[in-house]
$ cat target03.cif   # mmCIF, C-alpha atoms, pLDDT in the B column; chains and numbers go by the auth columns
data_start
loop_
_atom_site.group_PDB
_atom_site.id
_atom_site.type_symbol
_atom_site.label_atom_id
_atom_site.label_comp_id
_atom_site.label_asym_id
_atom_site.label_seq_id
_atom_site.Cartn_x
_atom_site.Cartn_y
_atom_site.Cartn_z
_atom_site.B_iso_or_equiv
_atom_site.auth_seq_id
_atom_site.auth_asym_id
ATOM 1 C CA MET A 1 44.184 -10.231 17.917 62.00 85 A
ATOM 2 C CA ARG A 2 41.029 -9.053 19.668 65.00 86 A
ATOM 3 C CA ILE A 3 40.700 -6.202 17.171 67.00 87 A
ATOM 4 C CA LYS A 4 40.889 -8.635 14.252 70.00 88 A
ATOM 5 C CA ARG A 5 38.251 -10.868 15.834 72.00 89 A
ATOM 6 C CA GLY A 6 36.053 -7.836 16.401 68.00 90 A
ATOM 7 C CA ILE A 7 36.405 -6.805 12.779 75.00 91 A
ATOM 8 C CA LEU A 8 35.641 -10.350 11.573 74.00 92 A
ATOM 9 C CA THR A 9 32.568 -10.499 13.815 74.00 93 A
ATOM 10 C CA LEU A 10 31.369 -7.145 12.517 75.00 94 A
ATOM 11 C CA LEU A 11 31.904 -8.231 8.915 77.00 95 A
ATOM 12 C CA SER A 12 30.059 -11.501 9.554 76.00 96 A
ATOM 13 C CA LEU A 13 27.107 -9.698 11.131 80.00 97 A
ATOM 14 C CA SER A 14 27.020 -7.161 8.295 82.00 98 A
ATOM 15 C CA PHE A 15 27.098 -9.907 5.674 82.00 99 A
ATOM 16 C CA GLY A 16 24.362 -11.818 7.491 83.00 100 A
ATOM 17 C CA ALA A 17 22.178 -8.720 7.704 88.00 101 A
ATOM 18 C CA LEU A 18 22.726 -7.996 4.016 90.00 102 A
ATOM 19 C CA LEU A 19 21.890 -11.588 3.098 92.00 103 A
ATOM 20 C CA LEU A 20 18.674 -11.459 5.126 93.00 104 A
ATOM 21 C CA TRP A 21 17.747 -8.155 3.491 94.00 105 A
ATOM 22 C CA CYS A 22 18.338 -9.608 0.008 92.00 106 A
ATOM 23 C CA VAL A 23 16.269 -12.729 0.698 94.00 107 A
ATOM 24 C CA GLY A 24 13.487 -10.595 2.167 94.00 108 A
ATOM 25 C CA PHE A 25 13.581 -8.250 -0.807 93.00 109 A
ATOM 26 C CA VAL A 26 13.214 -11.102 -3.298 90.00 110 A
ATOM 27 C CA LEU A 27 10.253 -12.455 -1.328 93.00 111 A
ATOM 28 C CA PHE A 28 8.770 -8.943 -1.212 94.00 112 A
ATOM 29 C CA ALA A 29 9.140 -8.582 -4.992 90.00 113 A
ATOM 30 C CA ARG A 30 7.435 -11.936 -5.519 89.00 114 A
ATOM 31 C CA GLN A 31 4.631 -11.064 -3.117 92.00 115 A
ATOM 32 C CA ILE A 32 3.740 -7.735 -4.696 92.00 116 A
ATOM 33 C CA ASN A 33 3.416 -9.400 -8.084 89.00 117 A
ATOM 34 C CA SER A 34 1.207 -12.229 -6.840 90.00 118 A
ATOM 35 C CA TYR A 35 -1.879 -10.251 -5.779 92.00 119 A
ATOM 36 C CA SER A 36 -4.999 -11.109 -7.742 93.00 120 A
ATOM 37 C CA GLN A 37 -7.472 -8.461 -8.840 94.00 121 A
ATOM 38 C CA ASN A 38 -10.380 -9.893 -6.905 94.00 122 A
ATOM 39 C CA LYS A 39 -13.682 -8.379 -7.988 94.00 123 A
ATOM 40 C CA ASP A 40 -16.029 -9.805 -5.378 95.00 124 A
ATOM 41 C CA ILE A 41 -18.716 -7.342 -4.323 96.00 125 A
ATOM 42 C CA THR A 42 -17.881 -5.214 -1.273 97.00 126 A
ATOM 43 C CA ASP A 43 -19.541 -2.308 0.507 97.00 127 A
ATOM 44 C CA ALA A 44 -17.010 0.193 -0.771 97.00 128 A
ATOM 45 C CA VAL A 45 -13.923 0.811 -2.846 98.00 129 A
ATOM 46 C CA VAL A 46 -11.151 2.736 -1.094 98.00 130 A
ATOM 47 C CA VAL A 47 -8.303 4.324 -3.034 97.00 131 A
ATOM 48 C CA LEU A 48 -4.995 5.633 -1.700 97.00 132 A
ATOM 49 C CA THR A 49 -3.668 8.473 -3.828 94.00 133 A
ATOM 50 C CA GLY A 50 -0.021 8.878 -4.759 87.00 134 A
ATOM 51 C CA GLY A 51 0.520 6.564 -7.716 83.00 135 A
ATOM 52 C CA ARG A 52 -0.448 6.359 -11.357 82.00 136 A
ATOM 53 C CA HIS A 53 -3.837 4.925 -12.350 89.00 137 A
ATOM 54 C CA ARG A 54 -5.005 4.294 -8.769 94.00 138 A
ATOM 55 C CA ILE A 55 -7.966 6.658 -8.968 92.00 139 A
ATOM 56 C CA GLU A 56 -8.875 5.468 -12.469 91.00 140 A
ATOM 57 C CA GLU A 57 -8.940 1.878 -11.210 93.00 141 A
ATOM 58 C CA GLY A 58 -11.121 2.863 -8.266 94.00 142 A
ATOM 59 C CA VAL A 59 -13.606 4.696 -10.479 92.00 143 A
ATOM 60 C CA SER A 60 -13.716 1.692 -12.835 91.00 144 A
ATOM 61 C CA LEU A 61 -14.559 -0.625 -9.941 94.00 145 A
ATOM 62 C CA LEU A 62 -17.297 1.736 -8.776 94.00 146 A
ATOM 63 C CA ASN A 63 -18.752 1.975 -12.281 90.00 147 A
ATOM 64 C CA ALA A 64 -18.702 -1.832 -12.527 92.00 148 A
ATOM 65 C CA GLY A 65 -20.746 -2.096 -9.324 93.00 149 A
ATOM 66 C CA ILE A 66 -17.966 -3.804 -7.367 95.00 150 A
ATOM 67 C CA GLY A 67 -18.633 -1.391 -4.523 94.00 151 A
ATOM 68 C CA SER A 68 -21.588 0.926 -3.954 94.00 152 A
ATOM 69 C CA ARG A 69 -19.372 3.740 -2.640 96.00 153 A
ATOM 70 C CA LEU A 70 -15.916 5.116 -3.409 96.00 154 A
ATOM 71 C CA PHE A 71 -13.667 6.820 -0.895 97.00 155 A
ATOM 72 C CA ILE A 72 -10.444 8.451 -2.108 96.00 156 A
ATOM 73 C CA SER A 73 -7.964 9.140 0.676 97.00 157 A
ATOM 74 C CA GLY A 74 -5.217 11.739 0.530 95.00 158 A
ATOM 75 C CA VAL A 75 -6.687 14.097 -2.055 94.00 159 A
ATOM 76 C CA SER A 76 -5.107 17.529 -2.542 90.00 160 A
ATOM 77 C CA LYS A 77 -7.142 20.390 -1.067 89.00 161 A
ATOM 78 C CA ASN A 78 -7.977 22.002 -4.394 88.00 162 A
ATOM 79 C CA ILE A 79 -9.198 18.817 -6.125 88.00 163 A
ATOM 80 C CA SER A 80 -12.910 18.168 -6.653 90.00 164 A
ATOM 81 C CA ILE A 81 -14.867 15.163 -7.909 88.00 165 A
ATOM 82 C CA ALA A 82 -15.312 16.965 -11.236 88.00 166 A
ATOM 83 C CA ASP A 83 -11.524 17.329 -11.489 87.00 167 A
ATOM 84 C CA ILE A 84 -11.079 13.627 -10.810 82.00 168 A
ATOM 85 C CA ALA A 85 -13.618 12.723 -13.484 82.00 169 A
ATOM 86 C CA GLN A 86 -11.802 14.915 -15.995 82.00 170 A
ATOM 87 C CA ARG A 87 -8.340 13.591 -15.133 77.00 171 A
ATOM 88 C CA SER A 88 -9.364 9.937 -15.082 74.00 172 A
ATOM 89 C CA GLY A 89 -11.113 10.240 -18.433 77.00 173 A
ATOM 90 C CA LEU A 90 -13.906 8.099 -17.026 77.00 174 A
ATOM 91 C CA LYS A 91 -17.551 8.972 -16.699 82.00 175 A
ATOM 92 C CA ILE A 92 -18.758 8.966 -13.099 82.00 176 A
ATOM 93 C CA ARG A 93 -22.294 7.669 -12.998 80.00 177 A
ATOM 94 C CA ASP A 94 -23.263 9.243 -9.685 83.00 178 A
ATOM 95 C CA ALA A 95 -20.998 11.723 -7.888 84.00 179 A
ATOM 96 C CA ARG A 96 -23.003 11.147 -4.699 89.00 180 A
ATOM 97 C CA GLN A 97 -21.351 7.729 -4.450 93.00 181 A
ATOM 98 C CA ILE A 98 -17.912 9.332 -4.107 94.00 182 A
ATOM 99 C CA GLU A 99 -16.353 10.970 -1.075 95.00 183 A
ATOM 100 C CA LEU A 100 -12.945 12.613 -0.935 96.00 184 A
ATOM 101 C CA GLY A 101 -10.597 12.609 2.034 96.00 185 A
ATOM 102 C CA TYR A 102 -8.397 15.688 2.298 96.00 186 A
ATOM 103 C CA GLU A 103 -6.565 15.055 5.578 95.00 187 A
ATOM 104 C CA ALA A 104 -4.019 12.330 4.786 95.00 188 A
ATOM 105 C CA THR A 105 -0.568 13.274 3.528 94.00 189 A
ATOM 106 C CA ASP A 106 1.135 9.873 3.837 96.00 190 A
ATOM 107 C CA THR A 107 0.342 6.177 4.322 97.00 191 A
ATOM 108 C CA ILE A 108 -0.028 6.538 8.091 97.00 192 A
ATOM 109 C CA GLY A 109 -2.523 9.344 7.488 97.00 193 A
ATOM 110 C CA ASN A 110 -4.323 7.247 4.866 98.00 194 A
ATOM 111 C CA ALA A 111 -4.878 4.451 7.385 97.00 195 A
ATOM 112 C CA ALA A 112 -6.230 6.873 9.998 97.00 196 A
ATOM 113 C CA GLU A 113 -8.492 8.615 7.485 98.00 197 A
ATOM 114 C CA ILE A 114 -9.826 5.330 6.114 98.00 198 A
ATOM 115 C CA SER A 115 -10.449 4.013 9.638 97.00 199 A
ATOM 116 C CA ARG A 116 -12.546 7.054 10.534 97.00 200 A
ATOM 117 C CA TRP A 117 -14.523 6.890 7.288 97.00 201 A
ATOM 118 C CA VAL A 118 -15.203 3.166 7.579 97.00 202 A
ATOM 119 C CA GLN A 119 -16.476 3.469 11.145 96.00 203 A
ATOM 120 C CA LYS A 120 -18.527 6.593 10.409 96.00 204 A
ATOM 121 C CA ASN A 121 -20.297 4.914 7.482 96.00 205 A
ATOM 122 C CA ASP A 122 -20.695 1.456 9.027 95.00 206 A
ATOM 123 C CA ILE A 123 -18.686 -0.206 6.247 96.00 207 A
ATOM 124 C CA ARG A 124 -18.149 -3.962 6.574 97.00 208 A
ATOM 125 C CA SER A 125 -16.020 -4.750 3.533 98.00 209 A
ATOM 126 C CA ILE A 126 -13.740 -2.817 1.191 98.00 210 A
ATOM 127 C CA HIS A 127 -11.466 -3.145 -1.791 98.00 211 A
ATOM 128 C CA LEU A 128 -8.214 -1.396 -0.867 98.00 212 A
ATOM 129 C CA VAL A 129 -6.812 0.015 -4.103 98.00 213 A
ATOM 130 C CA THR A 130 -3.206 1.134 -4.403 97.00 214 A
ATOM 131 C CA SER A 131 -0.037 0.296 -6.343 95.00 215 A
ATOM 132 C CA ASN A 132 0.993 -3.333 -5.903 94.00 216 A
ATOM 133 C CA TYR A 133 4.342 -2.391 -4.340 94.00 217 A
ATOM 134 C CA HIS A 134 2.527 -0.148 -1.825 96.00 218 A
ATOM 135 C CA LEU A 135 -0.033 -2.736 -0.697 97.00 219 A
ATOM 136 C CA PRO A 136 2.056 -4.503 2.012 97.00 220 A
ATOM 137 C CA ARG A 137 2.727 -1.246 3.864 97.00 221 A
ATOM 138 C CA ALA A 138 -0.815 0.055 3.370 98.00 222 A
ATOM 139 C CA LEU A 139 -2.268 -3.175 4.766 98.00 223 A
ATOM 140 C CA GLU A 140 0.165 -3.114 7.686 97.00 224 A
ATOM 141 C CA GLU A 141 -0.736 0.476 8.594 97.00 225 A
ATOM 142 C CA LEU A 142 -4.462 -0.270 8.335 97.00 226 A
ATOM 143 C CA SER A 143 -4.111 -3.379 10.535 95.00 227 A
ATOM 144 C CA VAL A 144 -3.146 -1.152 13.468 94.00 228 A
ATOM 145 C CA TYR A 145 -6.779 -0.056 13.790 95.00 229 A
ATOM 146 C CA GLN A 146 -8.064 -3.635 13.993 93.00 230 A
ATOM 147 C CA LEU A 147 -11.182 -2.782 12.036 94.00 231 A
ATOM 148 C CA PRO A 148 -13.909 -5.472 12.038 94.00 232 A
ATOM 149 C CA ILE A 149 -14.112 -5.468 8.257 96.00 233 A
ATOM 150 C CA GLU A 150 -13.083 -7.609 5.321 97.00 234 A
ATOM 151 C CA VAL A 151 -10.256 -5.988 3.349 97.00 235 A
ATOM 152 C CA ILE A 152 -9.615 -7.160 -0.199 97.00 236 A
ATOM 153 C CA ALA A 153 -6.231 -5.988 -1.443 97.00 237 A
ATOM 154 C CA TYR A 154 -6.633 -4.735 -5.003 97.00 238 A
ATOM 155 C CA PRO A 155 -3.331 -4.028 -6.792 96.00 239 A
ATOM 156 C CA VAL A 156 -2.717 -1.472 -9.492 95.00 240 A
ATOM 157 C CA TYR A 157 -0.015 -3.073 -11.587 91.00 241 A
ATOM 158 C CA SER A 158 2.710 -1.482 -13.641 81.00 242 A
ATOM 159 C CA GLU A 159 4.057 -3.590 -16.493 72.00 243 A
ATOM 160 C CA LYS A 160 7.566 -2.383 -15.725 69.00 244 A
ATOM 161 C CA ILE A 161 7.412 -3.360 -12.074 71.00 245 A
ATOM 162 C CA ALA A 162 5.530 -6.587 -12.682 63.00 246 A
ATOM 163 C CA HIS A 163 7.959 -8.160 -15.115 61.00 247 A
ATOM 164 C CA LYS A 164 11.134 -6.129 -15.528 65.00 248 A
ATOM 165 C CA TRP A 165 11.985 -4.616 -12.132 66.00 249 A
ATOM 166 C CA TRP A 166 15.458 -6.180 -12.082 68.00 250 A
ATOM 167 C CA ARG A 167 16.383 -4.624 -15.441 72.00 251 A
ATOM 168 C CA SER A 168 15.940 -1.019 -14.370 79.00 252 A
ATOM 169 C CA PHE A 169 17.962 0.644 -11.599 83.00 253 A
ATOM 170 C CA ALA A 170 15.239 3.263 -11.140 83.00 254 A
ATOM 171 C CA THR A 171 12.617 0.549 -10.596 85.00 255 A
ATOM 172 C CA PHE A 172 14.917 -1.397 -8.275 88.00 256 A
ATOM 173 C CA LYS A 173 15.528 1.793 -6.298 89.00 257 A
ATOM 174 C CA LEU A 174 11.774 2.411 -5.996 90.00 258 A
ATOM 175 C CA LEU A 175 11.074 -1.130 -4.791 92.00 259 A
ATOM 176 C CA ALA A 176 14.048 -1.158 -2.414 94.00 260 A
ATOM 177 C CA ALA A 177 12.881 2.114 -0.842 95.00 261 A
ATOM 178 C CA GLU A 178 9.346 0.772 -0.437 95.00 262 A
ATOM 179 C CA TYR A 179 10.668 -2.500 0.998 96.00 263 A
ATOM 180 C CA ASN A 180 12.709 -0.562 3.574 96.00 264 A
ATOM 181 C CA LYS A 181 9.644 1.496 4.523 97.00 265 A
ATOM 182 C CA PHE A 182 7.611 -1.680 4.913 97.00 266 A
ATOM 183 C CA LEU A 183 10.316 -3.294 7.065 95.00 267 A
ATOM 184 C CA TYR A 184 10.473 -0.233 9.306 95.00 268 A
ATOM 185 C CA THR A 185 6.691 -0.130 9.657 96.00 269 A
ATOM 186 C CA TYR A 186 6.373 -3.855 10.325 94.00 270 A
ATOM 187 C CA LEU A 187 9.181 -3.983 12.899 93.00 271 A
ATOM 188 C CA ASN A 188 8.024 -0.780 14.593 93.00 272 A
ATOM 189 C CA HIS A 189 4.525 -2.164 15.065 93.00 273 A
ATOM 190 C CA ARG A 190 5.843 -5.475 16.440 91.00 274 A
ATOM 191 C CA ILE A 191 8.117 -3.678 18.906 92.00 275 A
ATOM 192 C CA GLN A 192 5.182 -1.534 20.075 89.00 276 A
ATOM 193 C CA GLN A 193 3.111 -4.671 20.614 86.00 277 A
ATOM 194 C CA ILE A 194 5.864 -6.227 22.742 89.00 278 A
ATOM 195 C CA VAL A 195 6.276 -3.049 24.801 88.00 279 A
ATOM 196 C CA GLU A 196 2.532 -2.832 25.429 81.00 280 A
ATOM 197 C CA MET A 197 2.276 -6.464 26.626 77.00 281 A
#

$ encode --input "target03.cif" --output "structure tokens"
Amino acid sequence: MRIKRGILTLLSLSFGALLLWCVGFVLFARQINSYSQNKDITDAVVVLTGGRHRIEEGVSLLNAGIGSRLFISGVSKNISIADIAQRSGLKIRDARQIELGYEATDTIGNAAEISRWVQKNDIRSIHLVTSNYHLPRALEELSVYQLPIEVIAYPVYSEKIAHKWWRSFATFKLLAAEYNKFLYTYLNHRIQQIVEM
């Protein structure tokens, strides 16, 4: 009898956890598709590499005068500004406005690299450019540094993810993986805060 109750309790807890995950995932999917592409003027545009069209979007914002500087975090060692100009297909007006960060290899590294660059250059406001599904985790990682700056989240949208994510298993898998990474990051930071209190 006790074994049956234990099994029922375990099943109930598992179902509850799954239900919470599903509700959270739906809210996550809604959130990542609700970011506006705010083009208020900031001190700099900051791009996180790793997804399609992120760098192109950052260069476009720089060319439009949205920011007076562009910092690209997580660039491969052998990539130069000339390479970026060629790959993006966009004309860079002034290469002196662009700086490349070669140290970051993941989102945690991006946040650290951006924090150092922002403080070194006395930046007070930035557009943070990355894929829309990556923004929650990128913002969470950056919040750890408690930078005294204004951060405007600037999404790079994919038509497939924006409107048809539930129709494609590959897209669902991508979003589910990113949601899990965000959950881990968020919960890990909250636990650290409690431990440090």

$ residues_around --input "target03.cif" --residues "stretch 229-243 of chain A" --least-positions-apart "6" --cutoff "9 Å" --atoms "only C-alpha atoms" --output "PDB file with C-alpha atoms, in the coordinates of the input"
ATOM      1  CA  ILE A 116       3.740  -7.735  -4.696  1.00 92.00           C
ATOM      2  CA  ASN A 117       3.416  -9.400  -8.084  1.00 89.00           C
ATOM      3  CA  TYR A 119      -1.879 -10.251  -5.779  1.00 92.00           C
ATOM      4  CA  SER A 120      -4.999 -11.109  -7.742  1.00 93.00           C
ATOM      5  CA  GLN A 121      -7.472  -8.461  -8.840  1.00 94.00           C
ATOM      6  CA  ASN A 122     -10.380  -9.893  -6.905  1.00 94.00           C
ATOM      7  CA  LYS A 123     -13.682  -8.379  -7.988  1.00 94.00           C
ATOM      8  CA  ASP A 124     -16.029  -9.805  -5.378  1.00 95.00           C
ATOM      9  CA  THR A 126     -17.881  -5.214  -1.273  1.00 97.00           C
ATOM     10  CA  GLY A 135       0.520   6.564  -7.716  1.00 83.00           C
ATOM     11  CA  ARG A 136      -0.448   6.359 -11.357  1.00 82.00           C
ATOM     12  CA  HIS A 137      -3.837   4.925 -12.350  1.00 89.00           C
ATOM     13  CA  ARG A 138      -5.005   4.294  -8.769  1.00 94.00           C
ATOM     14  CA  GLU A 141      -8.940   1.878 -11.210  1.00 93.00           C
ATOM     15  CA  ALA A 195      -4.878   4.451   7.385  1.00 97.00           C
ATOM     16  CA  ALA A 196      -6.230   6.873   9.998  1.00 97.00           C
ATOM     17  CA  SER A 199     -10.449   4.013   9.638  1.00 97.00           C
ATOM     18  CA  VAL A 202     -15.203   3.166   7.579  1.00 97.00           C
ATOM     19  CA  GLN A 203     -16.476   3.469  11.145  1.00 96.00           C
ATOM     20  CA  ILE A 207     -18.686  -0.206   6.247  1.00 96.00           C
ATOM     21  CA  ARG A 208     -18.149  -3.962   6.574  1.00 97.00           C
ATOM     22  CA  SER A 209     -16.020  -4.750   3.533  1.00 98.00           C
ATOM     23  CA  ILE A 210     -13.740  -2.817   1.191  1.00 98.00           C
ATOM     24  CA  HIS A 211     -11.466  -3.145  -1.791  1.00 98.00           C
ATOM     25  CA  LEU A 212      -8.214  -1.396  -0.867  1.00 98.00           C
ATOM     26  CA  VAL A 213      -6.812   0.015  -4.103  1.00 98.00           C
ATOM     27  CA  THR A 214      -3.206   1.134  -4.403  1.00 97.00           C
ATOM     28  CA  SER A 215      -0.037   0.296  -6.343  1.00 95.00           C
ATOM     29  CA  ASN A 216       0.993  -3.333  -5.903  1.00 94.00           C
ATOM     30  CA  TYR A 217       4.342  -2.391  -4.340  1.00 94.00           C
ATOM     31  CA  HIS A 218       2.527  -0.148  -1.825  1.00 96.00           C
ATOM     32  CA  LEU A 219      -0.033  -2.736  -0.697  1.00 97.00           C
ATOM     33  CA  LEU A 223      -2.268  -3.175   4.766  1.00 98.00           C
TER      34      LEU A 223
END

$ closest_residue --input "target03.cif" --among "A:Val159, A:Leu145, A:Ile198, A:Val228" --to "A:Arg177" --atoms "only C-alpha atoms"
A:Leu145

$ resolve_selection --input "target03.cif" --expression "the PyMOL selection byres ((chain A and resi 266) around 9)" --output "PyMOL selection string"
chain A and resi 218+220-222+224+261-265+267-271

$ resolve_selection --input "target03.cif" --expression "the PyMOL selection byres ((chain A and resi 169) around 12)" --output "number ranges by chain"
A: 139-140, 142-144, 147, 163-168, 170-179, 182

$ write_last_selection --input "target03.cif" --atoms "C-alpha atoms" --output "compact mmCIF listing (two decimals), keeping the file's coordinate frame"
# COMPACT_ATOMS: atom_id res chain seq x y z
CA ILE A 139 -7.97 6.66 -8.97
CA GLU A 140 -8.88 5.47 -12.47
CA GLY A 142 -11.12 2.86 -8.27
CA VAL A 143 -13.61 4.70 -10.48
CA SER A 144 -13.72 1.69 -12.84
CA ASN A 147 -18.75 1.98 -12.28
CA ILE A 163 -9.20 18.82 -6.12
CA SER A 164 -12.91 18.17 -6.65
CA ILE A 165 -14.87 15.16 -7.91
CA ALA A 166 -15.31 16.96 -11.24
CA ASP A 167 -11.52 17.33 -11.49
CA ILE A 168 -11.08 13.63 -10.81
CA GLN A 170 -11.80 14.92 -16.00
CA ARG A 171 -8.34 13.59 -15.13
CA SER A 172 -9.36 9.94 -15.08
CA GLY A 173 -11.11 10.24 -18.43
CA LEU A 174 -13.91 8.10 -17.03
CA LYS A 175 -17.55 8.97 -16.70
CA ILE A 176 -18.76 8.97 -13.10
CA ARG A 177 -22.29 7.67 -13.00
CA ASP A 178 -23.26 9.24 -9.68
CA ALA A 179 -21.00 11.72 -7.89
CA ILE A 182 -17.91 9.33 -4.11

$ resolve_selection --input "target03.cif" --expression "the PyMOL selection byres ((chain A and resi 151) around 7)" --output "PDB file with C-alpha atoms, keeping the file's coordinate frame"
ATOM      1  CA  ILE A 125     -18.716  -7.342  -4.323  1.00 96.00           C
ATOM      2  CA  THR A 126     -17.881  -5.214  -1.273  1.00 97.00           C
ATOM      3  CA  ASP A 127     -19.541  -2.308   0.507  1.00 97.00           C
ATOM      4  CA  ALA A 128     -17.010   0.193  -0.771  1.00 97.00           C
ATOM      5  CA  VAL A 129     -13.923   0.811  -2.846  1.00 98.00           C
ATOM      6  CA  LEU A 145     -14.559  -0.625  -9.941  1.00 94.00           C
ATOM      7  CA  LEU A 146     -17.297   1.736  -8.776  1.00 94.00           C
ATOM      8  CA  GLY A 149     -20.746  -2.096  -9.324  1.00 93.00           C
ATOM      9  CA  ILE A 150     -17.966  -3.804  -7.367  1.00 95.00           C
ATOM     10  CA  SER A 152     -21.588   0.926  -3.954  1.00 94.00           C
ATOM     11  CA  ARG A 153     -19.372   3.740  -2.640  1.00 96.00           C
TER      12      ARG A 153
END

$ closest_residue --input "target03.cif" --among "A:Phe99, A:Trp105, A:Arg114, A:Thr191" --to "A:Val131" --atoms "all atoms listed in the file"
A:Thr191

$ closest_residue --input "target03.cif" --among "A:Ile91, A:Ala148, A:Leu103, A:Ile156" --to "A:Val130" --atoms "all atoms listed in the file"
A:Ile156

$ atom_distance --input "target03.cif" --atom1 "atom CA of A:Thr133" --atom2 "atom CA of A:Asn194"
8.8 Å

$ atom_distance --input "target03.cif" --atom1 "atom CA of A:Lys161" --atom2 "atom CA of A:Tyr186"
5.9 Å

$ atom_distance --input "target03.cif" --atom1 "atom CA of A:Leu94" --atom2 "atom CA of A:Ala113"
28.3 Å
